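File shown here: input38.pdb, holding PDB, C-alpha atoms and all ligand atoms.
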```pdb
ATOM      1  CA  MET P   1       5.272 -44.909  16.110  1.00  0.00           C
ATOM      2  CA  THR P   2       4.088 -41.417  16.965  1.00  0.00           C
ATOM      3  CA  LEU P   3       2.974 -38.892  14.389  1.00  0.00           C
ATOM      4  CA  ASP P   4       6.170 -36.898  14.904  1.00  0.00           C
ATOM      5  CA  GLN P   5       8.301 -39.946  14.197  1.00  0.00           C
ATOM      6  CA  TRP P   6       6.252 -40.856  11.171  1.00  0.00           C
ATOM      7  CA  LEU P   7       6.544 -37.312   9.803  1.00  0.00           C
ATOM      8  CA  LYS P   8      10.333 -37.375  10.221  1.00  0.00           C
ATOM      9  CA  VAL P   9      10.583 -40.523   8.083  1.00  0.00           C
ATOM     10  CA  ASN P  10       7.900 -39.983   5.461  1.00  0.00           C
ATOM     11  CA  VAL P  11       7.714 -36.245   4.863  1.00  0.00           C
ATOM     12  CA  PRO P  12      10.384 -33.847   3.556  1.00  0.00           C
ATOM     13  CA  LYS P  13      11.966 -31.708   6.279  1.00  0.00           C
ATOM     14  CA  THR P  14      10.466 -28.401   5.205  1.00  0.00           C
ATOM     15  CA  THR P  15       6.990 -29.847   4.756  1.00  0.00           C
ATOM     16  CA  GLY P  16       7.235 -31.407   8.230  1.00  0.00           C
ATOM     17  CA  TRP P  17       8.332 -28.103   9.662  1.00  0.00           C
ATOM     18  CA  ARG P  18       5.395 -26.304   8.030  1.00  0.00           C
ATOM     19  CA  LEU P  19       2.998 -28.959   9.349  1.00  0.00           C
ATOM     20  CA  GLN P  20       4.423 -28.569  12.851  1.00  0.00           C
ATOM     21  CA  ILE P  21       3.809 -24.832  12.733  1.00  0.00           C
ATOM     22  CA  LYS P  22       0.239 -25.406  11.546  1.00  0.00           C
ATOM     23  CA  MET P  23      -0.422 -28.018  14.218  1.00  0.00           C
ATOM     24  CA  ALA P  24       1.040 -25.796  16.916  1.00  0.00           C
ATOM     25  CA  SER P  25      -1.141 -22.862  15.898  1.00  0.00           C
ATOM     26  CA  ALA P  26      -4.188 -25.154  15.675  1.00  0.00           C
ATOM     27  CA  ALA P  27      -3.428 -26.419  19.185  1.00  0.00           C
ATOM     28  CA  ALA P  28      -3.312 -22.803  20.329  1.00  0.00           C
ATOM     29  CA  GLY P  29      -6.722 -22.277  18.756  1.00  0.00           C
ATOM     30  CA  VAL P  30      -5.557 -20.251  15.778  1.00  0.00           C
ATOM     31  CA  PHE P  31      -6.750 -21.503  12.424  1.00  0.00           C
ATOM     32  CA  PRO P  32      -5.576 -20.015   9.163  1.00  0.00           C
ATOM     33  CA  THR P  33      -8.222 -18.082   7.320  1.00  0.00           C
ATOM     34  CA  ARG P  34      -8.515 -17.774   3.583  1.00  0.00           C
ATOM     35  CA  ARG P  35      -6.527 -14.788   2.426  1.00  0.00           C
ATOM     36  CA  ASP P  36      -8.622 -12.440   0.354  1.00  0.00           C
ATOM     37  CA  ARG P  37      -6.551 -10.700  -2.249  1.00  0.00           C
ATOM     38  CA  THR P  38      -7.583  -7.229  -3.268  1.00  0.00           C
ATOM     39  CA  CYS P  39      -6.806  -5.301  -6.409  1.00  0.00           C
ATOM     40  CA  THR P  40      -4.167  -2.598  -5.921  1.00  0.00           C
ATOM     41  CA  LEU P  41      -5.900  -0.346  -8.434  1.00  0.00           C
ATOM     42  CA  CYS P  42      -9.539  -0.471  -7.322  1.00  0.00           C
ATOM     43  CA  SER P  43      -9.182  -2.319  -3.970  1.00  0.00           C
ATOM     44  CA  GLN P  44     -11.931  -4.763  -4.962  1.00  0.00           C
ATOM     45  CA  ARG P  45     -11.600  -8.429  -4.043  1.00  0.00           C
ATOM     46  CA  THR P  46      -9.896 -10.243  -6.899  1.00  0.00           C
ATOM     47  CA  THR P  47     -11.926 -13.203  -8.087  1.00  0.00           C
ATOM     48  CA  ARG P  48     -12.426 -14.874 -11.412  1.00  0.00           C
ATOM     49  CA  ALA P  49     -15.451 -12.638 -11.930  1.00  0.00           C
ATOM     50  CA  THR P  50     -13.741  -9.335 -11.072  1.00  0.00           C
ATOM     51  CA  GLY P  51     -10.375 -10.201 -12.584  1.00  0.00           C
ATOM     52  CA  GLN P  52      -7.214 -11.492 -10.955  1.00  0.00           C
ATOM     53  CA  SER P  53      -4.369 -10.136 -13.054  1.00  0.00           C
ATOM     54  CA  PHE P  54      -6.651  -7.754 -14.862  1.00  0.00           C
ATOM     55  CA  CYS P  55      -8.659  -4.881 -13.467  1.00  0.00           C
ATOM     56  CA  GLN P  56     -11.912  -4.229 -15.279  1.00  0.00           C
ATOM     57  CA  VAL P  57     -12.677  -1.128 -13.221  1.00  0.00           C
ATOM     58  CA  SER P  58      -9.536   0.764 -14.252  1.00  0.00           C
ATOM     59  CA  ASP P  59      -9.106  -0.695 -17.734  1.00  0.00           C
ATOM     60  CA  PRO P  60      -8.628   2.231 -20.166  1.00  0.00           C
ATOM     61  CA  GLN P  61     -10.473   0.307 -22.901  1.00  0.00           C
ATOM     62  CA  ASN P  62     -13.384  -0.449 -20.552  1.00  0.00           C
ATOM     63  CA  ARG P  63     -13.261  -4.185 -21.228  1.00  0.00           C
ATOM     64  CA  ALA P  64     -14.914  -6.823 -19.078  1.00  0.00           C
ATOM     65  CA  VAL P  65     -12.881  -9.725 -17.720  1.00  0.00           C
ATOM     66  CA  GLU P  66     -14.348 -12.156 -20.223  1.00  0.00           C
ATOM     67  CA  GLN P  67     -13.559  -9.822 -23.129  1.00  0.00           C
ATOM     68  CA  TRP P  68      -9.981  -9.455 -21.942  1.00  0.00           C
ATOM     69  CA  LEU P  69      -9.569 -13.212 -21.555  1.00  0.00           C
ATOM     70  CA  THR P  70     -10.985 -13.786 -25.012  1.00  0.00           C
ATOM     71  CA  GLU P  71      -8.449 -11.330 -26.439  1.00  0.00           C
ATOM     72  CA  LEU P  72      -5.664 -13.114 -24.584  1.00  0.00           C
ATOM     73  CA  ARG P  73      -6.738 -16.429 -26.074  1.00  0.00           C
ATOM     74  CA  GLY P  74      -6.655 -14.963 -29.553  1.00  0.00           C
ATOM     75  CA  GLY P  75     -10.397 -14.582 -29.940  1.00  0.00           C
ATOM     76  CA  ARG P  76     -11.535 -17.861 -28.455  1.00  0.00           C
ATOM     77  CA  THR P  77     -14.392 -17.486 -26.027  1.00  0.00           C
ATOM     78  CA  GLU P  78     -14.958 -19.531 -22.875  1.00  0.00           C
ATOM     79  CA  LYS P  79     -17.678 -21.540 -24.641  1.00  0.00           C
ATOM     80  CA  GLU P  80     -15.414 -22.380 -27.567  1.00  0.00           C
ATOM     81  CA  MET P  81     -12.628 -23.443 -25.217  1.00  0.00           C
ATOM     82  CA  LEU P  82     -15.002 -25.784 -23.382  1.00  0.00           C
ATOM     83  CA  ARG P  83     -16.402 -27.197 -26.612  1.00  0.00           C
ATOM     84  CA  ASP P  84     -12.922 -27.882 -28.002  1.00  0.00           C
ATOM     85  CA  ARG P  85     -11.858 -29.553 -24.764  1.00  0.00           C
ATOM     86  CA  GLN P  86     -14.927 -31.807 -24.846  1.00  0.00           C
ATOM     87  CA  ARG P  87     -14.173 -32.651 -28.486  1.00  0.00           C
ATOM     88  CA  VAL P  88     -10.633 -33.718 -27.592  1.00  0.00           C
ATOM     89  CA  ASP P  89     -11.910 -35.776 -24.672  1.00  0.00           C
ATOM     90  CA  ARG P  90     -14.391 -37.565 -26.934  1.00  0.00           C
ATOM     91  CA  LYS P  91     -11.653 -38.309 -29.472  1.00  0.00           C
ATOM     92  CA  LYS P  92      -9.443 -39.731 -26.726  1.00  0.00           C
ATOM     93  CA  LYS P  93     -12.273 -41.912 -25.442  1.00  0.00           C
ATOM     94  CA  LYS P  94     -12.978 -43.190 -28.947  1.00  0.00           C
ATOM     95  CA  ALA P  95      -9.306 -43.937 -29.537  1.00  0.00           C
ATOM     96  CA  ALA P  96      -9.081 -45.811 -26.234  1.00  0.00           C
ATOM     97  CA  ILE P  97     -12.076 -47.973 -27.167  1.00  0.00           C
ATOM     98  CA  LEU P  98     -10.671 -48.689 -30.637  1.00  0.00           C
ATOM     99  CA  ASN P  99      -7.281 -49.614 -29.155  1.00  0.00           C
ATOM    100  CA  LYS P 100      -8.924 -52.061 -26.801  1.00  0.00           C
ATOM    101  CA  LYS P 101     -10.838 -53.712 -29.614  1.00  0.00           C
ATOM    102  CA  SER P 102      -7.838 -54.107 -31.914  1.00  0.00           C
ATOM    103  CA  SER P 103      -5.531 -55.622 -29.287  1.00  0.00           C
TER     104      SER P 103
HETATM  105 ZN    ZN Q 201      -9.227  -3.633  -9.820  1.00  0.00          ZN
END
```
Any chance you could put this one into structure tokens?
Amino acid sequence: MTLDQWLKVNVPKTTGWRLQIKMASAAAGVFPTRRDRTCTLCSQRTTRATGQSFCQVSDPQNRAVEQWLTELRGGRTEKEMLRDRQRVDRKKKKAAILNKKSS
């Protein structure tokens, strides 16, 4: 079985078609590059640090990305989020151990 045949059987049509395009461009020596998105307001690269749906350069309240995110989360900071997530994970682990013991 060739790769083309295998793709026809095991991969949805559109996905196969996309793969074919990628393989054809790779064969021609063209590889896709990572698309850098830039902010439409300040034309900076949008990253987690500079803000993706928020622009800290043109924010009228002069907030930093982290401040804005904290406001979005209702006052919970990144640290608190992480701590709460770890707490939940620990509880789950504990529960899993207890379940194993009881059964
Ligand atoms: Zn911006």
Legend entry - Pairwise distance for CA of Met23 (chain P) and CA of Val11 (chain P), rounded to one decimal in Å: 14.9 Å
Inset, instruction - Give the residues close to ligand ZN 201 (chain Q), within 12 Å, counting all atoms listed in the file; write them as a list in words. - result: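 Here is the list of contacting residues: Arg37, Thr38, Cys39, Thr40, Leu41, Cys42, Ser43, Gln44, Arg45, Thr46, Thr47, Arg48, Ala49, Thr50, Gly51, Gln52, Ser53, Phe54, Cys55, Gln56, Val57, Ser58, Asp59, Pro60, Asn62, Ala64 and Val65 of chain P.
Note that the spacing between CA of Val9 (chain P) and CA of Ser25 (chain P) amounts to 22.6 Å.
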Legend entry - d(CA of Leu69 (chain P), CA of Asp89 (chain P)) in Å: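 For CA of Leu69 (chain P) relative to CA of Asp89 (chain P), the distance reads 22.9 Å.
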Add whatever atoms are absent from region 42-75 of chain P to reach N, CA and C atoms, and provide the output as a CSV table (one decimal), in the frame of the given file.
```
chain,number,residue,atom,x,y,z
P,42,CYS,N,-8.2,-0.9,-7.7
P,42,CYS,CA,-9.5,-0.5,-7.3
P,42,CYS,C,-9.9,-1.0,-5.9
P,43,SER,N,-9.0,-1.7,-5.3
P,43,SER,CA,-9.2,-2.3,-4.0
P,43,SER,C,-10.4,-3.2,-3.9
P,44,GLN,N,-10.9,-3.8,-5.0
P,44,GLN,CA,-11.9,-4.8,-5.0
P,44,GLN,C,-11.3,-6.1,-4.7
P,45,ARG,N,-12.1,-7.1,-4.2
P,45,ARG,CA,-11.6,-8.4,-4.0
P,45,ARG,C,-11.3,-9.0,-5.4
P,46,THR,N,-10.2,-9.7,-5.6
P,46,THR,CA,-9.9,-10.2,-6.9
P,46,THR,C,-10.4,-11.7,-6.9
P,47,THR,N,-11.4,-11.9,-7.9
P,47,THR,CA,-11.9,-13.2,-8.1
P,47,THR,C,-11.9,-13.4,-9.6
P,48,ARG,N,-12.4,-14.6,-10.0
P,48,ARG,CA,-12.4,-14.9,-11.4
P,48,ARG,C,-13.4,-13.9,-12.1
P,49,ALA,N,-14.4,-13.5,-11.4
P,49,ALA,CA,-15.5,-12.6,-11.9
P,49,ALA,C,-15.0,-11.2,-12.0
P,50,THR,N,-14.2,-10.7,-11.0
P,50,THR,CA,-13.7,-9.3,-11.1
P,50,THR,C,-12.4,-9.2,-11.7
P,51,GLY,N,-11.7,-10.3,-12.0
P,51,GLY,CA,-10.4,-10.2,-12.6
P,51,GLY,C,-9.3,-10.4,-11.6
P,52,GLN,N,-8.3,-11.2,-11.9
P,52,GLN,CA,-7.2,-11.5,-11.0
P,52,GLN,C,-5.9,-10.8,-11.4
P,53,SER,N,-5.5,-10.9,-12.6
P,53,SER,CA,-4.4,-10.1,-13.1
P,53,SER,C,-4.8,-9.0,-14.0
P,54,PHE,N,-6.1,-8.8,-14.0
P,54,PHE,CA,-6.7,-7.8,-14.9
P,54,PHE,C,-7.7,-7.0,-14.1
P,55,CYS,N,-7.7,-5.7,-14.2
P,55,CYS,CA,-8.7,-4.9,-13.5
P,55,CYS,C,-9.7,-4.3,-14.4
P,56,GLN,N,-10.9,-4.7,-14.3
P,56,GLN,CA,-11.9,-4.2,-15.3
P,56,GLN,C,-12.4,-2.8,-14.9
P,57,VAL,N,-12.2,-2.5,-13.6
P,57,VAL,CA,-12.7,-1.1,-13.2
P,57,VAL,C,-11.8,0.0,-13.8
P,58,SER,N,-10.5,-0.3,-13.8
P,58,SER,CA,-9.5,0.8,-14.3
P,58,SER,C,-9.0,0.5,-15.6
P,59,ASP,N,-9.6,-0.4,-16.4
P,59,ASP,CA,-9.1,-0.7,-17.7
P,59,ASP,C,-9.4,0.5,-18.6
P,60,PRO,N,-8.4,1.1,-19.3
P,60,PRO,CA,-8.6,2.2,-20.2
P,60,PRO,C,-9.6,1.9,-21.3
P,61,GLN,N,-9.6,0.7,-21.8
P,61,GLN,CA,-10.5,0.3,-22.9
P,61,GLN,C,-11.8,-0.1,-22.4
P,62,ASN,N,-12.1,-0.1,-21.1
P,62,ASN,CA,-13.4,-0.4,-20.6
P,62,ASN,C,-13.8,-1.9,-20.9
P,63,ARG,N,-12.9,-2.8,-20.9
P,63,ARG,CA,-13.3,-4.2,-21.2
P,63,ARG,C,-13.7,-4.9,-20.0
P,64,ALA,N,-14.6,-5.9,-20.2
P,64,ALA,CA,-14.9,-6.8,-19.1
P,64,ALA,C,-13.9,-7.9,-19.0
P,65,VAL,N,-13.9,-8.7,-17.9
P,65,VAL,CA,-12.9,-9.7,-17.7
P,65,VAL,C,-13.0,-10.7,-18.9
P,66,GLU,N,-14.2,-11.1,-19.2
P,66,GLU,CA,-14.3,-12.2,-20.2
P,66,GLU,C,-13.8,-11.7,-21.6
P,67,GLN,N,-14.1,-10.4,-21.9
P,67,GLN,CA,-13.6,-9.8,-23.1
P,67,GLN,C,-12.0,-9.9,-23.2
P,68,TRP,N,-11.4,-9.5,-22.0
P,68,TRP,CA,-10.0,-9.5,-21.9
P,68,TRP,C,-9.4,-10.9,-22.1
P,69,LEU,N,-10.0,-11.8,-21.5
P,69,LEU,CA,-9.6,-13.2,-21.6
P,69,LEU,C,-9.7,-13.7,-23.0
P,70,THR,N,-10.8,-13.4,-23.6
P,70,THR,CA,-11.0,-13.8,-25.0
P,70,THR,C,-9.9,-13.2,-25.9
P,71,GLU,N,-9.5,-11.9,-25.7
P,71,GLU,CA,-8.4,-11.3,-26.4
P,71,GLU,C,-7.1,-12.0,-26.2
P,72,LEU,N,-6.9,-12.4,-24.9
P,72,LEU,CA,-5.7,-13.1,-24.6
P,72,LEU,C,-5.6,-14.4,-25.3
P,73,ARG,N,-6.7,-15.1,-25.4
P,73,ARG,CA,-6.7,-16.4,-26.1
P,73,ARG,C,-6.8,-16.3,-27.6
P,74,GLY,N,-6.7,-15.1,-28.1
P,74,GLY,CA,-6.7,-15.0,-29.6
P,74,GLY,C,-8.0,-15.1,-30.1
P,75,GLY,N,-9.0,-14.6,-29.4
P,75,GLY,CA,-10.4,-14.6,-29.9
P,75,GLY,C,-11.3,-15.8,-29.6
```
